[in-house]
file structure_24.pdb (PDB, C-alpha atoms)
ATOM      1  CA  MET T   1      17.110   2.628  -0.972
ATOM      2  CA  GLU T   2      17.234  -0.988  -2.009
ATOM      3  CA  SER T   3      14.277  -2.351  -3.938
ATOM      4  CA  ASP T   4      12.084  -5.100  -2.523
ATOM      5  CA  GLU T   5      13.537  -7.515  -5.044
ATOM      6  CA  GLU T   6      17.135  -6.694  -4.059
ATOM      7  CA  LEU T   7      16.253  -7.200  -0.417
ATOM      8  CA  MET T   8      14.581 -10.502  -1.223
ATOM      9  CA  ARG T   9      17.658 -11.717  -3.100
ATOM     10  CA  ALA T  10      19.724 -10.883  -0.011
ATOM     11  CA  VAL T  11      17.245 -12.700   2.236
ATOM     12  CA  ALA T  12      17.589 -15.739  -0.027
ATOM     13  CA  HIS T  13      21.300 -15.711   0.845
ATOM     14  CA  GLY T  14      20.508 -15.600   4.558
ATOM     15  CA  ASP T  15      20.854 -11.839   5.094
ATOM     16  CA  GLU T  16      18.977 -11.101   8.330
ATOM     17  CA  ARG T  17      19.347  -7.340   7.935
ATOM     18  CA  ALA T  18      17.542  -7.485   4.590
ATOM     19  CA  LEU T  19      14.776  -9.528   6.182
ATOM     20  CA  ALA T  20      14.446  -6.925   8.944
ATOM     21  CA  SER T  21      14.188  -4.169   6.310
ATOM     22  CA  LEU T  22      11.424  -6.037   4.491
ATOM     23  CA  VAL T  23       9.523  -6.620   7.734
ATOM     24  CA  GLU T  24       9.850  -2.954   8.612
ATOM     25  CA  ARG T  25       8.681  -1.923   5.160
ATOM     26  CA  TYR T  26       5.660  -4.209   4.928
ATOM     27  CA  ALA T  27       4.574  -5.273   8.432
ATOM     28  CA  ALA T  28       2.071  -2.458   8.927
ATOM     29  CA  ARG T  29       0.572  -2.835   5.452
ATOM     30  CA  ILE T  30       0.269  -6.607   5.640
ATOM     31  CA  HIS T  31      -1.209  -6.329   9.127
ATOM     32  CA  ALA T  32      -3.792  -3.811   7.926
ATOM     33  CA  PHE T  33      -4.685  -6.116   5.027
ATOM     34  CA  LEU T  34      -5.061  -9.081   7.358
ATOM     35  CA  THR T  35      -7.160  -7.096   9.827
ATOM     36  CA  ARG T  36      -9.519  -6.037   7.061
ATOM     37  CA  VAL T  37      -9.768  -9.493   5.552
ATOM     38  CA  THR T  38     -10.167 -11.437   8.803
ATOM     39  CA  GLY T  39     -12.078  -8.734  10.676
ATOM     40  CA  ASP T  40     -10.074  -9.480  13.803
ATOM     41  CA  ARG T  41      -6.938  -7.782  15.066
ATOM     42  CA  ASP T  42      -5.694 -10.745  17.105
ATOM     43  CA  ASP T  43      -6.030 -13.058  14.127
ATOM     44  CA  ALA T  44      -4.142 -10.487  12.082
ATOM     45  CA  ASP T  45      -1.349 -10.470  14.704
ATOM     46  CA  ASP T  46      -0.961 -14.250  14.472
ATOM     47  CA  LEU T  47      -1.173 -14.353  10.697
ATOM     48  CA  LEU T  48       1.352 -11.542  10.367
ATOM     49  CA  GLN T  49       3.901 -13.661  12.219
ATOM     50  CA  ASP T  50       3.080 -16.743  10.167
ATOM     51  CA  THR T  51       3.432 -14.691   6.991
ATOM     52  CA  TRP T  52       6.987 -13.674   7.834
ATOM     53  CA  VAL T  53       7.960 -17.182   8.887
ATOM     54  CA  ARG T  54       6.745 -18.403   5.501
ATOM     55  CA  VAL T  55       8.657 -15.631   3.772
ATOM     56  CA  ALA T  56      11.860 -16.697   5.542
ATOM     57  CA  ARG T  57      11.277 -20.361   4.760
ATOM     58  CA  GLY T  58      10.404 -19.678   1.137
ATOM     59  CA  ALA T  59      13.094 -17.071   0.471
ATOM     60  CA  ARG T  60      15.530 -19.483  -1.117
ATOM     61  CA  GLY T  61      12.908 -20.740  -3.558
ATOM     62  CA  PHE T  62      11.661 -17.262  -4.423
ATOM     63  CA  ASP T  63      11.524 -16.773  -8.178
ATOM     64  CA  ALA T  64      13.720 -13.749  -8.915
ATOM     65  CA  ALA T  65      11.524 -12.870 -11.890
ATOM     66  CA  ARG T  66       8.546 -12.296  -9.601
ATOM     67  CA  ARG T  67       7.709  -9.118  -7.744
ATOM     68  CA  VAL T  68       7.927  -9.193  -3.984
ATOM     69  CA  ARG T  69       4.829  -7.193  -3.096
ATOM     70  CA  PRO T  70       2.240  -9.491  -4.715
ATOM     71  CA  TRP T  71       4.145 -12.518  -3.389
ATOM     72  CA  LEU T  72       3.891 -11.185   0.174
ATOM     73  CA  TYR T  73       0.220 -10.349  -0.163
ATOM     74  CA  GLY T  74      -0.345 -13.761  -1.734
ATOM     75  CA  ILE T  75       1.157 -15.514   1.302
ATOM     76  CA  ALA T  76      -0.941 -13.392   3.660
ATOM     77  CA  ALA T  77      -4.105 -13.992   1.631
ATOM     78  CA  ASN T  78      -3.494 -17.758   1.629
ATOM     79  CA  LEU T  79      -3.061 -17.789   5.391
ATOM     80  CA  ALA T  80      -6.239 -15.747   5.835
ATOM     81  CA  ARG T  81      -8.109 -18.194   3.597
ATOM     82  CA  ASP T  82      -6.808 -21.155   5.612
ATOM     83  CA  LEU T  83      -7.993 -19.487   8.796
ATOM     84  CA  HIS T  84     -11.376 -18.775   7.240
ATOM     85  CA  ARG T  85     -11.699 -22.431   6.202
ATOM     86  CA  ARG T  86     -10.785 -23.684   9.667
ATOM     87  CA  ARG T  87     -13.302 -21.301  11.211
ATOM     88  CA  ALA T  88     -15.991 -22.436   8.802
ATOM     89  CA  VAL T  89     -15.361 -26.069   9.728
ATOM     90  CA  ARG T  90     -15.529 -25.250  13.458
ATOM     91  CA  LEU T  91     -18.686 -23.218  12.956
ATOM     92  CA  ARG T  92     -20.320 -26.042  11.010
ATOM     93  CA  ALA T  93     -19.358 -28.509  13.711
ATOM     94  CA  ALA T  94     -20.762 -26.211  16.396
ATOM     95  CA  ARG T  95     -24.016 -25.813  14.474
ATOM     96  CA  GLU T  96     -24.311 -29.530  13.914
ATOM     97  CA  GLY T  97     -23.799 -30.064  17.620
ATOM     98  CA  ASN T  98     -26.546 -27.517  18.346
ATOM     99  CA  VAL T  99     -24.062 -25.273  20.059
ATOM    100  CA  ALA T 100     -25.206 -21.690  19.818
ATOM    101  CA  ALA T 101     -21.940 -19.999  19.142
ATOM    102  CA  ASN T 102     -20.711 -17.410  16.741
ATOM    103  CA  GLU T 103     -17.104 -18.289  16.205
ATOM    104  CA  SER T 104     -16.678 -16.154  13.141
ATOM    105  CA  GLY T 105     -15.359 -13.320  15.264
ATOM    106  CA  VAL T 106     -17.750 -10.933  13.561
ATOM    107  CA  THR T 107     -20.904 -10.025  15.399
ATOM    108  CA  PHE T 108     -23.562  -8.471  13.255
ATOM    109  CA  ARG T 109     -26.044  -5.894  14.409
ATOM    110  CA  SER T 110     -29.587  -5.498  13.110
ATOM    111  CA  ALA T 111     -29.931  -4.757   9.405
ATOM    112  CA  GLU T 112     -30.969  -1.143   9.784
ATOM    113  CA  ARG T 113     -27.904  -0.284  11.832
ATOM    114  CA  ILE T 114     -25.143  -2.028   9.944
ATOM    115  CA  ASP T 115     -22.303   0.103   8.680
ATOM    116  CA  MET T 116     -19.799  -0.299   5.907
ATOM    117  CA  ARG T 117     -17.363  -2.323   8.011
ATOM    118  CA  GLU T 118     -20.025  -4.940   8.545
ATOM    119  CA  ARG T 119     -21.098  -4.876   4.919
ATOM    120  CA  LEU T 120     -17.472  -5.475   4.019
ATOM    121  CA  ALA T 121     -17.229  -8.303   6.564
ATOM    122  CA  ARG T 122     -20.333  -9.915   5.087
ATOM    123  CA  LEU T 123     -18.882 -10.042   1.586
ATOM    124  CA  PRO T 124     -17.757 -13.487   0.453
ATOM    125  CA  GLU T 125     -14.062 -13.813   1.159
ATOM    126  CA  ARG T 126     -13.007 -14.014  -2.482
ATOM    127  CA  LEU T 127     -14.711 -10.666  -3.150
ATOM    128  CA  ARG T 128     -13.529  -9.031   0.055
ATOM    129  CA  GLU T 129      -9.872  -9.831  -0.517
ATOM    130  CA  VAL T 130      -9.774  -8.294  -4.003
ATOM    131  CA  LEU T 131     -11.597  -5.186  -2.831
ATOM    132  CA  VAL T 132      -9.231  -4.735   0.121
ATOM    133  CA  LEU T 133      -6.150  -5.337  -2.031
ATOM    134  CA  ARG T 134      -7.323  -2.816  -4.624
ATOM    135  CA  TYR T 135      -8.949  -0.133  -2.552
ATOM    136  CA  PHE T 136      -6.815  -0.097   0.571
ATOM    137  CA  ASP T 137      -3.506  -1.560  -0.560
ATOM    138  CA  GLY T 138      -3.444  -0.132  -4.039
ATOM    139  CA  LEU T 139      -2.404  -3.299  -5.866
ATOM    140  CA  ASP T 140      -3.123  -3.150  -9.587
ATOM    141  CA  GLU T 141      -4.962  -5.927 -11.413
ATOM    142  CA  ALA T 142      -1.757  -7.652 -12.524
ATOM    143  CA  GLU T 143      -0.380  -7.672  -8.982
ATOM    144  CA  MET T 144      -3.651  -8.981  -7.574
ATOM    145  CA  ALA T 145      -3.761 -11.727 -10.189
ATOM    146  CA  GLU T 146      -0.210 -12.693  -9.224
ATOM    147  CA  ALA T 147      -0.920 -12.539  -5.497
ATOM    148  CA  LEU T 148      -4.098 -14.566  -5.631
ATOM    149  CA  GLY T 149      -3.078 -16.908  -8.439
ATOM    150  CA  ILE T 150      -6.097 -16.091 -10.589
ATOM    151  CA  PRO T 151      -6.451 -14.592 -14.098
ATOM    152  CA  ARG T 152      -6.749 -10.827 -14.484
ATOM    153  CA  GLY T 153     -10.230 -11.207 -15.919
ATOM    154  CA  THR T 154     -11.298 -12.951 -12.724
ATOM    155  CA  VAL T 155      -9.812 -10.139 -10.647
ATOM    156  CA  LYS T 156     -11.830  -7.644 -12.662
ATOM    157  CA  SER T 157     -15.073  -9.562 -12.378
ATOM    158  CA  ARG T 158     -14.585 -10.104  -8.633
ATOM    159  CA  LEU T 159     -13.972  -6.385  -8.119
ATOM    160  CA  HIS T 160     -17.164  -5.487  -9.901
ATOM    161  CA  GLY T 161     -18.964  -8.310  -8.120
ATOM    162  CA  ALA T 162     -17.820  -6.904  -4.773
ATOM    163  CA  LEU T 163     -19.069  -3.429  -5.644
ATOM    164  CA  ARG T 164     -22.357  -4.846  -6.929
ATOM    165  CA  GLU T 165     -22.918  -6.771  -3.693
ATOM    166  CA  LEU T 166     -22.027  -3.776  -1.570
ATOM    167  CA  ARG T 167     -24.463  -1.657  -3.541
ATOM    168  CA  GLN T 168     -27.251  -4.198  -2.995
ATOM    169  CA  LYS T 169     -26.529  -4.269   0.720
ATOM    170  CA  TRP T 170     -26.290  -0.454   0.791
ATOM    171  CA  GLU T 171     -29.636  -0.076  -0.957
ATOM    172  CA  ALA T 172     -31.241  -2.628   1.330
ATOM    173  CA  THR T 173     -30.440  -0.642   4.460
TER     174      THR T 173
ATOM    175  CA  MET F   1     -21.280   5.214 -23.759
ATOM    176  CA  SER F   2     -23.791   2.742 -22.339
ATOM    177  CA  CYS F   3     -24.858   2.915 -18.696
ATOM    178  CA  ASP F   4     -22.991  -0.355 -18.039
ATOM    179  CA  ALA F   5     -19.762   1.060 -19.450
ATOM    180  CA  VAL F   6     -20.235   4.310 -17.533
ATOM    181  CA  GLN F   7     -20.812   2.482 -14.264
ATOM    182  CA  GLN F   8     -17.757   0.288 -14.817
ATOM    183  CA  GLN F   9     -15.703   3.399 -15.494
ATOM    184  CA  LEU F  10     -17.055   4.991 -12.315
ATOM    185  CA  ASP F  11     -16.215   1.796 -10.388
ATOM    186  CA  ALA F  12     -12.645   2.035 -11.654
ATOM    187  CA  CYS F  13     -12.458   5.689 -10.560
ATOM    188  CA  ALA F  14     -13.796   4.786  -7.098
ATOM    189  CA  LEU F  15     -11.239   2.009  -6.678
ATOM    190  CA  GLU F  16      -8.506   4.491  -7.562
ATOM    191  CA  HIS F  17      -9.839   7.043  -5.078
ATOM    192  CA  ALA F  18     -10.526   9.368  -8.003
ATOM    193  CA  LEU F  19     -14.219  10.182  -7.750
ATOM    194  CA  ALA F  20     -13.916  13.641  -9.255
ATOM    195  CA  PRO F  21     -14.617  14.573 -12.871
ATOM    196  CA  ASP F  22     -11.026  15.523 -13.654
ATOM    197  CA  GLY F  23      -9.441  12.274 -14.820
ATOM    198  CA  ASP F  24      -8.885  11.018 -18.346
ATOM    199  CA  ALA F  25     -11.344  11.522 -21.214
ATOM    200  CA  ALA F  26     -13.327   8.362 -20.423
ATOM    201  CA  ALA F  27     -13.721   9.406 -16.796
ATOM    202  CA  VAL F  28     -14.790  12.915 -17.727
ATOM    203  CA  GLU F  29     -17.341  11.504 -20.174
ATOM    204  CA  SER F  30     -18.646   9.117 -17.518
ATOM    205  CA  PHE F  31     -19.162  11.892 -14.990
ATOM    206  CA  ALA F  32     -20.909  13.984 -17.648
ATOM    207  CA  HIS F  33     -23.176  11.033 -18.461
ATOM    208  CA  ALA F  34     -23.954  10.487 -14.753
ATOM    209  CA  ALA F  35     -24.996  14.120 -14.464
ATOM    210  CA  SER F  36     -27.856  13.519 -16.871
ATOM    211  CA  CYS F  37     -28.744   9.860 -16.190
ATOM    212  CA  GLU F  38     -30.731   8.874 -13.129
ATOM    213  CA  ALA F  39     -29.415   5.283 -12.888
ATOM    214  CA  CYS F  40     -25.777   6.313 -13.249
ATOM    215  CA  ALA F  41     -26.262   9.232 -10.848
ATOM    216  CA  ALA F  42     -27.569   6.760  -8.279
ATOM    217  CA  HIS F  43     -24.545   4.536  -8.866
ATOM    218  CA  LEU F  44     -22.215   7.509  -8.454
ATOM    219  CA  ALA F  45     -23.998   8.453  -5.210
ATOM    220  CA  PHE F  46     -23.447   4.914  -3.953
ATOM    221  CA  LEU F  47     -19.753   5.018  -4.888
ATOM    222  CA  ARG F  48     -19.285   8.353  -3.097
ATOM    223  CA  ALA F  49     -20.998   7.004   0.008
ATOM    224  CA  LEU F  50     -18.884   3.854  -0.198
ATOM    225  CA  ASP F  51     -15.693   5.864  -0.587
ATOM    226  CA  ALA F  52     -16.549   8.062   2.393
ATOM    227  CA  GLU F  53     -17.570   5.135   4.599
ATOM    228  CA  LEU F  54     -14.593   2.961   3.702
ATOM    229  CA  ALA F  55     -12.228   5.843   4.346
ATOM    230  CA  ALA F  56     -13.868   6.379   7.742
ATOM    231  CA  ILE F  57     -13.392   2.788   8.926
ATOM    232  CA  PRO F  58     -10.971   3.029  11.822
ATOM    233  CA  LEU F  59      -7.976   0.729  11.708
ATOM    234  CA  ALA F  60      -5.798   0.110  14.724
ATOM    235  CA  ALA F  61      -2.098   0.264  13.906
ATOM    236  CA  VAL F  62      -0.023  -2.865  14.328
ATOM    237  CA  ARG F  63       1.553  -3.030  17.783
ATOM    238  CA  ALA F  64       5.321  -2.801  17.983
ATOM    239  CA  PRO F  65       5.724  -6.044  20.006
ATOM    240  CA  VAL F  66       3.792  -7.911  17.309
ATOM    241  CA  VAL F  67       6.195  -6.683  14.641
ATOM    242  CA  ALA F  68       9.168  -7.484  16.875
ATOM    243  CA  THR F  69       7.915 -11.022  17.471
ATOM    244  CA  ALA F  70       7.219 -11.501  13.768
ATOM    245  CA  GLN F  71      10.750 -10.385  13.011
ATOM    246  CA  GLN F  72      12.276 -12.699  15.626
ATOM    247  CA  ARG F  73      10.325 -15.696  14.402
ATOM    248  CA  ALA F  74      11.210 -14.950  10.793
ATOM    249  CA  THR F  75      14.892 -14.567  11.677
ATOM    250  CA  ARG F  76      14.870 -17.900  13.507
ATOM    251  CA  ALA F  77      13.175 -19.516  10.525
ATOM    252  CA  LEU F  78      15.826 -18.017   8.244
ATOM    253  CA  ARG F  79      18.630 -19.416  10.408
ATOM    254  CA  ALA F  80      16.923 -22.786  10.740
ATOM    255  CA  ARG F  81      16.747 -23.014   6.968
ATOM    256  CA  GLU F  82      20.532 -23.128   6.689
ATOM    257  CA  ARG F  83      22.088 -26.582   6.365
ATOM    258  CA  PRO F  84      21.886 -27.986   9.880
ATOM    259  CA  ARG F  85      25.212 -28.894  11.470
ATOM    260  CA  GLY F  86      25.364 -32.229  13.234
ATOM    261  CA  PHE F  87      22.433 -33.584  11.249
ATOM    262  CA  GLY F  88      24.386 -36.701  10.247
ATOM    263  CA  ARG F  89      25.330 -37.446  13.843
ATOM    264  CA  GLU F  90      21.788 -37.060  15.081
ATOM    265  CA  LEU F  91      20.450 -39.177  12.238
ATOM    266  CA  ALA F  92      23.034 -41.889  12.951
ATOM    267  CA  ALA F  93      22.010 -41.950  16.622
ATOM    268  CA  ALA F  94      18.315 -42.245  15.757
ATOM    269  CA  LEU F  95      19.029 -45.010  13.231
ATOM    270  CA  ALA F  96      21.249 -46.868  15.741
ATOM    271  CA  VAL F  97      18.443 -46.871  18.318
ATOM    272  CA  ALA F  98      16.010 -48.030  15.671
ATOM    273  CA  VAL F  99      18.327 -50.803  14.458
ATOM    274  CA  LEU F 100      18.929 -51.974  18.056
ATOM    275  CA  ALA F 101      15.177 -52.300  18.487
ATOM    276  CA  LEU F 102      14.771 -54.176  15.202
ATOM    277  CA  PRO F 103      15.605 -57.716  16.490
ATOM    278  CA  LEU F 104      12.975 -57.341  19.210
ATOM    279  CA  VAL F 105      10.372 -56.149  16.726
ATOM    280  CA  VAL F 106      11.193 -58.979  14.294
ATOM    281  CA  ALA F 107      11.146 -61.551  17.105
ATOM    282  CA  GLN F 108       7.742 -60.308  18.196
ATOM    283  CA  ALA F 109       6.413 -60.585  14.649
ATOM    284  CA  PHE F 110       7.842 -64.089  14.369
ATOM    285  CA  MET F 111       6.123 -65.054  17.649
ATOM    286  CA  VAL F 112       2.792 -63.670  16.424
ATOM    287  CA  VAL F 113       3.065 -65.786  13.253
ATOM    288  CA  GLU F 114       4.142 -68.894  15.184
ATOM    289  CA  SER F 115       1.418 -68.508  17.816
ATOM    290  CA  GLY F 116      -1.179 -67.832  15.159
ATOM    291  CA  ALA F 117      -0.123 -70.922  13.223
ATOM    292  CA  TRP F 118      -0.257 -73.031  16.394
ATOM    293  CA  LEU F 119      -3.696 -71.704  17.463
ATOM    294  CA  LEU F 120      -5.252 -72.169  14.027
ATOM    295  CA  ALA F 121      -3.543 -75.493  13.268
ATOM    296  CA  GLY F 122      -6.486 -77.701  14.255
ATOM    297  CA  TRP F 123      -9.300 -75.997  12.357
ATOM    298  CA  VAL F 124      -7.917 -73.836   9.521
ATOM    299  CA  PRO F 125      -6.482 -75.430   6.359
ATOM    300  CA  GLU F 126      -2.767 -74.971   5.868
ATOM    301  CA  ALA F 127      -3.132 -72.969   2.650
ATOM    302  CA  ILE F 128      -5.204 -70.352   4.456
ATOM    303  CA  ARG F 129      -2.747 -70.255   7.397
ATOM    304  CA  VAL F 130       0.135 -69.683   4.994
ATOM    305  CA  TRP F 131      -1.822 -66.967   3.235
ATOM    306  CA  LEU F 132      -2.651 -65.253   6.562
ATOM    307  CA  GLY F 133       0.972 -65.498   7.706
ATOM    308  CA  PHE F 134       2.214 -64.073   4.433
ATOM    309  CA  GLY F 135      -0.296 -61.210   4.604
ATOM    310  CA  TYR F 136       0.724 -60.378   8.152
ATOM    311  CA  LEU F 137       4.440 -60.445   7.364
ATOM    312  CA  ALA F 138       3.973 -58.344   4.217
ATOM    313  CA  SER F 139       2.069 -55.621   6.081
ATOM    314  CA  PHE F 140       4.591 -55.832   8.929
ATOM    315  CA  ALA F 141       7.462 -55.328   6.482
ATOM    316  CA  LEU F 142       5.687 -52.378   4.880
ATOM    317  CA  GLY F 143       5.046 -50.775   8.262
ATOM    318  CA  VAL F 144       8.630 -51.214   9.420
ATOM    319  CA  GLY F 145       9.922 -49.898   6.074
ATOM    320  CA  ALA F 146       7.735 -46.781   6.301
ATOM    321  CA  LEU F 147       8.763 -46.223   9.918
ATOM    322  CA  TYR F 148      12.492 -46.497   9.203
ATOM    323  CA  GLY F 149      12.163 -44.464   6.029
ATOM    324  CA  SER F 150      10.552 -41.624   7.955
ATOM    325  CA  ILE F 151      13.413 -41.373  10.474
ATOM    326  CA  PRO F 152      15.523 -38.863   8.450
ATOM    327  CA  LEU F 153      12.436 -36.724   7.823
ATOM    328  CA  VAL F 154      11.482 -36.721  11.488
ATOM    329  CA  VAL F 155      15.044 -35.856  12.544
ATOM    330  CA  ALA F 156      15.178 -32.965  10.045
ATOM    331  CA  TRP F 157      11.750 -31.683  11.080
ATOM    332  CA  ARG F 158      12.659 -31.893  14.777
ATOM    333  CA  ARG F 159      15.895 -29.984  14.239
ATOM    334  CA  ARG F 160      14.146 -27.240  12.317
ATOM    335  CA  ALA F 161      11.381 -26.945  14.907
ATOM    336  CA  LEU F 162      13.919 -26.771  17.747
ATOM    337  CA  ARG F 163      15.927 -24.086  15.965
ATOM    338  CA  GLU F 164      12.878 -22.008  15.148
ATOM    339  CA  TRP F 165      11.534 -22.138  18.675
ATOM    340  CA  ALA F 166      14.869 -21.915  20.484
TER     341      ALA F 166
END
call {"tool": "encode", "arguments": {"input": "structure_24.pdb", "output": "C-alpha cells"}}
result
Amino acid sequence: MESDEELMRAVAHGDERALASLVERYAARIHAFLTRVTGDRDDADDLLQDTWVRVARGARGFDAARRVRPWLYGIAANLARDLHRRRAVRLRAAREGNVAANESGVTFRSAERIDMRERLARLPERLREVLVLRYFDGLDEAEMAEALGIPRGTVKSRLHGALRELRQKWEAT
Amino acid sequence: MSCDAVQQQLDACALEHALAPDGDAAAVESFAHAASCEACAAHLAFLRALDAELAAIPLAAVRAPVVATAQQRATRALRARERPRGFGRELAAALAVAVLALPLVVAQAFMVVESGAWLLAGWVPEAIRVWLGFGYLASFALGVGALYGSIPLVVAWRRRALREWA
C-alpha cells in the first residue's frame, strides 16, 4: 500500500486516482473530527468538501518534507475555525440587534442534565480541537503542533487545560 | 512524585486510552500513588468517567454521497489547477473589449474636467481649478489602471471557477 506521502506526491502531479485513494483513506476520519469540533453534522459535511478542494488546490505547493496527516487535519481545523468565527460574528450581530436566536448550532440543556458531549461543546475551540485530535484521532503532540501551527509546549498546555476545564465542569454537575 | 506530576501522568494515560496500571514505570508509579492519595484518586475517577463518557458519545458515520461529492469537487479542483488552455485567447478578448471602451471612458473624463472648469470658472481661482482637475485626472488614471490590471486575474479566476463547477 502506498504511503500518504507517496499518494500526495502523485496528486501534486495531477493523479486523480491518488486523490481518490487519499479521500477514501481519510474522509471518514476528517468528517468525524469536523463533527466533533463543530458539533454539527451538516457543517461537517460542507467542511469536508471544502477540505478536499483545498487539498487539491494546494497539492502542487505541498512541502514533500511534511507529513500528510497533520497537513490534512490542519486544513480541516482552519476551516472549522473560520466557520466558528463567522458564526460568532453572526451571533454577535443577532444579539446586538436584540434577536433572540441561538445560531451556534449547539443547544444546551440545564446544568444538572448536561452530558459529556455538551461539556465538550462548551470548551473553548482551541482546547476542544487539541483534545479531539489527541483523544479521538490519535495525533501525537508533534503532529498536532504541525497541524495547528503552534509549538509543542502549547499543545501540551492546551491538552491539560482542556482536561482541567472538563474536570471543573464535571465536578460542577 | 508530586500530585501534580502524578495527575499529569494520569492525563497522558487517559489521552492514550491507557487507564490501567500496566503501562511504563512512571504510569505504574502514578497509579500506585493514586491508590493512596485522595486528590489523585479523585482525579483518576474523573479521568475514568471522562474516558467512559467520551467513548459513549455516538457519532454518525459520514454519508456515502457526501464523500462522493467531496471527491468530485476535489477532482474538478485538481483538473482546474492545470494550466488552462485558451487562457491567452480569452484574456485577449477581454482586453480588446476593455480597450474598445477606453476612448469612451477617457472622453467622459475629459468632459467632466471641461464641464467642471466651465462651471467653476466665474467663482473659483484658476490655481484651485487646475488643482481639482489634476486630482480628478490622477484618481481617474489610478482607477482605470487598477481596473485594467485586474483583467487577467479576473479572467483566470473565472476560468477556474467555471472548471470547478462545470
call {"tool": "interface_residues", "arguments": {"input": "structure_24.pdb", "of": "chain F", "to": "chain T", "cutoff": "10 Å", "atoms": "all atoms listed in the file", "output": "ChimeraX atom specification"}}
result
/F:7-8,11-12,14-17,43,46-47,49-82,164
call {"tool": "atom_distance", "arguments": {"input": "structure_24.pdb", "atom1": "CA of Gly161 in chain T", "atom2": "CA of Leu127 in chain T"}}
result
7.0 Å
call {"tool": "atom_distance", "arguments": {"input": "structure_24.pdb", "atom1": "CA of Leu139 in chain T", "atom2": "CA of Ala25 in chain F"}}
result
23.1 Å
call {"tool": "resolve_selection", "arguments": {"input": "structure_24.pdb", "expression": "the PyMOL selection byres ((chain F and resi 156) around 12)", "output": "count of residues only"}}
result
26
call {"tool": "resolve_selection", "arguments": {"input": "structure_24.pdb", "expression": "the PyMOL selection byres ((chain T and resi 81) around 12)", "output": "JSON, numbers by chain"}}
result
{"T": [34, 37, 38, 43, 47, 74, 75, 76, 77, 78, 79, 80, 82, 83, 84, 85, 86, 87, 88, 124, 125, 126, 128, 129, 148]}
call {"tool": "atom_distance", "arguments": {"input": "structure_24.pdb", "atom1": "CA of Met8 in chain T", "atom2": "CA of Val130 in chain T"}}
result
24.6 Å
call {"tool": "residues_near_point", "arguments": {"input": "structure_24.pdb", "point": "(4.9, -69.2, 9.4)", "cutoff": "12 Å", "atoms": "only C-alpha atoms", "output": "list in words"}}
result
Ala109, Phe110, Met111, Val112, Val113, Glu114, Ser115, Gly116, Ala117, Trp118, Leu120, Ala121, Glu126, Ala127, Ile128, Arg129, Val130, Trp131, Leu132, Gly133, Phe134, Gly135, Tyr136 and Leu137 of chain F
call {"tool": "residues_around", "arguments": {"input": "structure_24.pdb", "residues": "Glu29 in chain F", "least_positions_apart": "2", "cutoff": "12 Å", "atoms": "all atoms listed in the file", "output": "ChimeraX atom specification"}}
result
/F:1-3,5-7,9-10,20-27,31-36
call {"tool": "decode", "arguments": {"input": "structure_24.pdb", "residues": "range 90-122 of chain F", "atoms": "C-alpha atoms", "output": "compact mmCIF listing (two decimals), in the first residue's frame"}}
result
# COMPACT_ATOMS: atom_id res chain seq x y z
CA GLU F 90 -9.90 34.69 -23.52
CA LEU F 91 -7.61 37.30 -22.00
CA ALA F 92 -7.08 38.92 -25.41
CA ALA F 93 -10.85 39.11 -25.95
CA ALA F 94 -11.42 40.70 -22.53
CA LEU F 95 -8.60 43.20 -23.12
CA ALA F 96 -9.93 44.04 -26.61
CA VAL F 97 -13.37 44.85 -25.18
CA ALA F 98 -11.75 46.92 -22.47
CA VAL F 99 -9.54 48.80 -24.93
CA LEU F 100 -12.54 49.48 -27.22
CA ALA F 101 -14.33 51.05 -24.26
CA LEU F 102 -11.30 53.14 -23.29
CA PRO F 103 -11.89 56.10 -25.69
CA LEU F 104 -15.43 56.48 -24.34
CA VAL F 105 -14.21 56.40 -20.75
CA VAL F 106 -11.43 58.92 -21.48
CA ALA F 107 -13.84 61.18 -23.38
CA GLN F 108 -16.23 61.11 -20.45
CA ALA F 109 -13.44 62.03 -18.04
CA PHE F 110 -12.36 64.85 -20.35
CA MET F 111 -15.96 66.15 -20.44
CA VAL F 112 -16.20 66.06 -16.64
CA VAL F 113 -13.00 68.14 -16.38
CA GLU F 114 -14.13 70.57 -19.09
CA SER F 115 -17.62 70.98 -17.62
CA GLY F 116 -16.20 71.39 -14.14
CA ALA F 117 -13.77 74.04 -15.36
CA TRP F 118 -16.58 75.88 -17.16
CA LEU F 119 -18.97 75.75 -14.16
CA LEU F 120 -16.35 76.92 -11.67
CA ALA F 121 -14.74 79.50 -13.97
CA GLY F 122 -16.58 82.51 -12.56
